[in-house]
Amino acid sequence: MSRRHKGREVNGILVIDKPQGVTSNGILQQIKRLYGAAKAGHTGALDPLATGVLPLCFGEATKFSQMMLDSDKAYVTTARLGVRTETGDSEGAVVEEKPVPALTAAEVEAVLENFRGEIQQVPSMYSALKHKGRPLYEYAREGIEIERPARPVTIYELKLLAVRDNELDMAVSCTKGTYIRSLVEDIGAALGCGGHVIALRRTLAAGYSLSQAHNVEALEAMRENGESLDGLLLPPESALTMFPEYRLSGSSLVSILNGQPVRIPDQPFEGLVRVYGDRSFVGLVEALPEGDGTNLVPRRLVKNNGN
């Protein structure tokens, strides 16, 4: 018997401007209660220290949360130089202090150049990566160090915004799996004095920006005033704009809705495709070229699509 979720059916994506000092899951549960939603999830946690873009998925949108998790991200961060901490951010205990040399913007830029493009990064022990079924941060809190192999990540942009006596402001655009704490620690090491994150704000995730993000307090106020929050939800397909669009009708649409593959002649698609029916979004299919045509195979279909 399938598990039934308490609450009403809510479908869509809400972008939250996560405040500092709370967990992503804490925000998720708070917003889920505001909506009275039966099913909800987030698309990659931000540390309590961090603020910014946190897309929340409701109902049918949760089917695409992994794809959103795999998306590129962007951040603005402030690094404090001369101090290393256990966690790589200001929430951890200080483990080393060194004098900070007088640095010019040109000298910092010369170091940053080594961290642009594809780099190898060792994940932090205070990350949520799992080892033998347990997140690394649990081992770290027990004083256990786990060997972590370096992983390739790509830094699309690493822009120096400001240089102060012992602080750097930087903008970072990167692939999934990039740890800004680890990046700041590595930059600090390359500068010869160490460093850690004292501020982190995510400005982009899954294609959503801060301009689309809602303040939690404003949502609470709307609910207290009896206003509906449903109009703030973005459609599930808004997270899938990186995939081409194709429209189906008639028997082909019926077959897809029934979970059956459809053959389309003379179509150049390959890979995942957004499919729309007569009136609305149907879901994601995979286009598999074969001979002079393409087979569309259902992968993630949404319910209540109105077609």
# chains A, B, ... in the order shown; residues from 1 in each chain; ligands from 1
>>> residues_around(residues="segment 106-112 of chain A", least_positions_apart="5", cutoff="10 Å", atoms="only C-alpha atoms", output="short mmCIF file (atom, residue, chain, number, x, y, z; two decimals) with C-alpha atoms, in the first residue's frame")
data_model
loop_
_atom_site.label_atom_id
_atom_site.label_comp_id
_atom_site.auth_asym_id
_atom_site.auth_seq_id
_atom_site.Cartn_x
_atom_site.Cartn_y
_atom_site.Cartn_z
CA LEU A 158 35.81 33.69 -10.03
CA LYS A 159 35.60 37.45 -9.78
CA LEU A 160 37.38 39.54 -7.18
CA VAL A 163 40.17 43.53 -1.16
CA LEU A 168 38.22 39.27 0.18
CA MET A 170 34.39 37.24 -4.47
CA ILE A 187 42.77 30.24 -1.96
CA GLY A 188 43.86 31.18 1.57
CA ALA A 190 47.78 29.70 -1.89
CA LEU A 191 48.05 33.22 -0.44
#
>>> residues_around(residues="Met68 of chain A", least_positions_apart="5", cutoff="8 Å", atoms="only C-alpha atoms", output="JSON, numbers by chain")
{"A": [43, 205, 206, 239]}
>>> residues_around(residues="Ile31 of chain A", least_positions_apart="4", cutoff="10 Å", atoms="only C-alpha atoms", output="VMD selection string")
chain A and resid 14 16 25 to 27 35 to 37 40 56 216 219 to 220
>>> write_last_selection(atoms="N, CA and C atoms", output="short mmCIF file (atom, residue, chain, number, x, y, z; two decimals), in the first residue's frame")
data_model
loop_
_atom_site.label_atom_id
_atom_site.label_comp_id
_atom_site.auth_asym_id
_atom_site.auth_seq_id
_atom_site.Cartn_x
_atom_site.Cartn_y
_atom_site.Cartn_z
N LEU A 14 8.65 27.04 -5.48
CA LEU A 14 8.73 28.34 -4.79
C LEU A 14 10.19 28.62 -4.48
N ILE A 16 12.85 30.56 -2.42
CA ILE A 16 12.97 31.24 -1.13
C ILE A 16 14.32 31.93 -1.04
N ASN A 25 16.33 22.52 5.73
CA ASN A 25 15.18 21.67 6.04
C ASN A 25 14.20 22.39 6.97
N GLY A 26 14.72 23.21 7.89
CA GLY A 26 13.85 23.98 8.76
C GLY A 26 12.97 24.93 7.97
N ILE A 27 13.56 25.59 6.96
CA ILE A 27 12.79 26.49 6.09
C ILE A 27 11.77 25.69 5.29
N TYR A 35 1.79 26.30 3.35
CA TYR A 35 0.99 25.87 2.21
C TYR A 35 0.03 24.72 2.57
N GLY A 36 0.26 24.08 3.71
CA GLY A 36 -0.53 22.90 4.03
C GLY A 36 -0.30 21.80 3.02
N ALA A 37 0.92 21.73 2.48
CA ALA A 37 1.21 20.84 1.36
C ALA A 37 1.46 19.41 1.82
N ALA A 40 6.68 17.93 -0.27
CA ALA A 40 7.60 19.01 -0.62
C ALA A 40 9.03 18.57 -0.37
N LEU A 56 12.26 25.42 -3.59
CA LEU A 56 11.49 24.36 -2.93
C LEU A 56 10.53 23.77 -3.94
N VAL A 216 10.80 34.90 3.69
CA VAL A 216 9.97 34.04 4.53
C VAL A 216 9.02 34.85 5.40
N LEU A 219 6.02 35.94 3.45
CA LEU A 219 5.08 34.84 3.24
C LEU A 219 4.23 34.61 4.49
N GLU A 220 4.88 34.68 5.65
CA GLU A 220 4.15 34.52 6.91
C GLU A 220 3.09 35.62 7.04
#
>>> residues_around(residues="Gly12 of chain A", least_positions_apart="2", cutoff="6 Å", atoms="only C-alpha atoms", output="list in words")
Phe58, Ala61, Leu233, Leu234, Pro235 and Pro236 of chain A
>>> closest_residue(among="A:Ile119, A:Leu288, A:Val15, A:Leu54", to="Ala213 of chain A", atoms="only C-alpha atoms")
A:Val15
>>> closest_residue(among="A:Arg223, A:Arg80, A:Lys132, A:Arg299", to="Pro261 of chain A", atoms="only C-alpha atoms")
A:Arg299
>>> select_by_dssp(residues="segment 76-286 of chain A", states="helix (DSSP H, G or I)", output="PyMOL selection string")
chain A and resi 105-115+136-141+180-190+210-212+216-224+230-232+236-239+250-257
>>> decode(residues="segment 162-305 of chain A", atoms="C-alpha atoms", output="short mmCIF file (atom, residue, chain, number, x, y, z; two decimals), in the first residue's frame")
data_model
loop_
_atom_site.label_atom_id
_atom_site.label_comp_id
_atom_site.auth_asym_id
_atom_site.auth_seq_id
_atom_site.Cartn_x
_atom_site.Cartn_y
_atom_site.Cartn_z
CA ALA A 162 36.92 43.81 -3.12
CA VAL A 163 40.17 43.53 -1.16
CA ARG A 164 40.37 44.77 2.43
CA ASP A 165 43.07 44.36 5.09
CA ASN A 166 42.18 40.75 5.88
CA GLU A 167 39.08 40.08 3.77
CA LEU A 168 38.22 39.27 0.18
CA ASP A 169 34.81 39.58 -1.49
CA MET A 170 34.39 37.24 -4.47
CA ALA A 171 31.68 36.15 -6.90
CA VAL A 172 31.75 32.49 -7.92
CA SER A 173 29.89 30.65 -10.66
CA CYS A 174 30.46 26.89 -10.64
CA THR A 175 29.26 23.38 -11.32
CA LYS A 176 27.36 21.24 -8.84
CA GLY A 177 29.42 19.69 -6.07
CA THR A 178 31.67 22.73 -5.64
CA TYR A 179 32.28 23.59 -1.98
CA ILE A 180 32.85 27.31 -1.53
CA ARG A 181 34.37 26.67 1.90
CA SER A 182 36.96 24.39 0.34
CA LEU A 183 37.61 26.90 -2.43
CA VAL A 184 38.20 29.69 0.09
CA GLU A 185 40.46 27.48 2.19
CA ASP A 186 42.51 26.59 -0.89
CA ILE A 187 42.77 30.24 -1.96
CA GLY A 188 43.86 31.18 1.57
CA ALA A 189 46.52 28.46 1.49
CA ALA A 190 47.78 29.70 -1.89
CA LEU A 191 48.05 33.22 -0.44
CA GLY A 192 50.18 31.78 2.36
CA CYS A 193 47.97 32.75 5.27
CA GLY A 194 44.90 30.50 5.23
CA GLY A 195 41.31 31.63 5.28
CA HIS A 196 37.69 30.78 5.95
CA VAL A 197 34.20 31.85 4.86
CA ILE A 198 32.46 34.48 6.98
CA ALA A 199 29.57 35.21 4.59
CA LEU A 200 28.00 33.23 1.77
CA ARG A 201 25.02 34.18 -0.37
CA ARG A 202 23.73 31.98 -3.18
CA THR A 203 22.59 34.13 -6.09
CA LEU A 204 21.63 31.42 -8.58
CA ALA A 205 20.47 27.80 -8.40
CA ALA A 206 18.63 25.63 -10.94
CA GLY A 207 18.29 28.69 -13.17
CA TYR A 208 16.49 30.71 -10.47
CA SER A 209 17.91 34.01 -9.26
CA LEU A 210 17.47 36.26 -6.24
CA SER A 211 15.03 38.41 -8.22
CA GLN A 212 12.58 35.48 -8.06
CA ALA A 213 13.14 34.69 -4.38
CA HIS A 214 10.57 35.36 -1.66
CA ASN A 215 11.22 36.49 1.89
CA VAL A 216 9.97 34.04 4.53
CA GLU A 217 8.63 36.78 6.80
CA ALA A 218 6.63 38.25 3.91
CA LEU A 219 5.08 34.84 3.24
CA GLU A 220 4.15 34.52 6.91
CA ALA A 221 2.52 37.95 6.79
CA MET A 222 0.53 37.03 3.68
CA ARG A 223 -0.79 33.90 5.35
CA GLU A 224 -1.73 35.82 8.50
CA ASN A 225 -3.66 38.29 6.34
CA GLY A 226 -5.58 35.43 4.75
CA GLU A 227 -3.91 35.84 1.35
CA SER A 228 -3.35 32.80 -0.86
CA LEU A 229 0.27 31.84 -1.55
CA ASP A 230 -0.55 29.60 -4.50
CA GLY A 231 -0.10 32.40 -7.02
CA LEU A 232 3.58 32.63 -6.09
CA LEU A 233 4.32 29.10 -7.30
CA LEU A 234 6.23 28.65 -10.53
CA PRO A 235 5.24 25.71 -12.77
CA PRO A 236 7.34 22.53 -12.49
CA GLU A 237 8.58 22.91 -16.06
CA SER A 238 10.19 26.27 -15.23
CA ALA A 239 13.14 24.26 -13.90
CA LEU A 240 13.59 22.42 -17.21
CA THR A 241 14.21 25.20 -19.71
CA MET A 242 17.61 23.72 -20.56
CA PHE A 243 15.81 20.93 -22.46
CA PRO A 244 14.20 21.40 -25.91
CA GLU A 245 10.41 21.58 -26.21
CA TYR A 246 8.14 19.39 -28.33
CA ARG A 247 4.35 19.30 -28.66
CA LEU A 248 2.21 16.21 -29.14
CA SER A 249 -1.45 15.69 -29.89
CA GLY A 250 -3.89 12.96 -30.86
CA SER A 251 -2.91 9.32 -30.51
CA SER A 252 0.76 10.18 -29.89
CA LEU A 253 -0.18 12.27 -26.86
CA VAL A 254 -2.47 9.51 -25.55
CA SER A 255 0.34 6.96 -25.85
CA ILE A 256 2.79 9.15 -23.93
CA LEU A 257 0.19 9.82 -21.22
CA ASN A 258 -0.24 6.05 -20.90
CA GLY A 259 3.51 5.63 -20.45
CA GLN A 260 4.09 4.17 -23.91
CA PRO A 261 6.89 5.24 -26.27
CA VAL A 262 6.05 7.12 -29.47
CA ARG A 263 7.93 7.13 -32.75
CA ILE A 264 8.36 10.52 -34.42
CA PRO A 265 9.75 10.62 -37.99
CA ASP A 266 12.38 13.11 -39.09
CA GLN A 267 13.05 14.73 -35.70
CA PRO A 268 16.62 15.66 -34.69
CA PHE A 269 16.10 15.40 -30.92
CA GLU A 270 18.40 13.35 -28.73
CA GLY A 271 18.37 13.23 -24.95
CA LEU A 272 15.75 14.67 -22.62
CA VAL A 273 12.89 16.71 -24.09
CA ARG A 274 10.05 18.72 -22.51
CA VAL A 275 6.77 17.49 -23.92
CA TYR A 276 3.56 19.54 -24.02
CA GLY A 277 0.11 18.37 -24.97
CA ASP A 278 -2.85 20.31 -26.32
CA ARG A 279 -3.05 22.57 -23.28
CA SER A 280 -0.21 22.01 -20.82
CA PHE A 281 3.07 20.40 -19.81
CA VAL A 282 3.10 16.59 -19.89
CA GLY A 283 6.57 15.75 -18.61
CA LEU A 284 10.06 14.74 -19.67
CA VAL A 285 10.71 12.12 -22.30
CA GLU A 286 13.96 10.76 -23.65
CA ALA A 287 14.51 11.06 -27.39
CA LEU A 288 16.35 8.04 -28.77
CA PRO A 289 17.28 8.30 -32.48
CA GLU A 290 16.62 5.15 -34.49
CA GLY A 291 16.87 4.90 -38.26
CA ASP A 292 15.15 7.84 -39.93
CA GLY A 293 13.15 8.74 -36.83
CA THR A 294 13.21 9.19 -33.09
CA ASN A 295 11.57 7.22 -30.30
CA LEU A 296 10.18 9.34 -27.46
CA VAL A 297 10.29 7.31 -24.25
CA PRO A 298 8.45 8.65 -21.15
CA ARG A 299 10.77 9.31 -18.19
CA ARG A 300 9.02 11.74 -15.81
CA LEU A 301 5.35 12.47 -16.40
CA VAL A 302 3.24 14.82 -14.32
CA LYS A 303 -0.30 14.15 -13.13
CA ASN A 304 -3.29 16.43 -13.57
CA ASN A 305 -1.80 17.98 -16.69
#
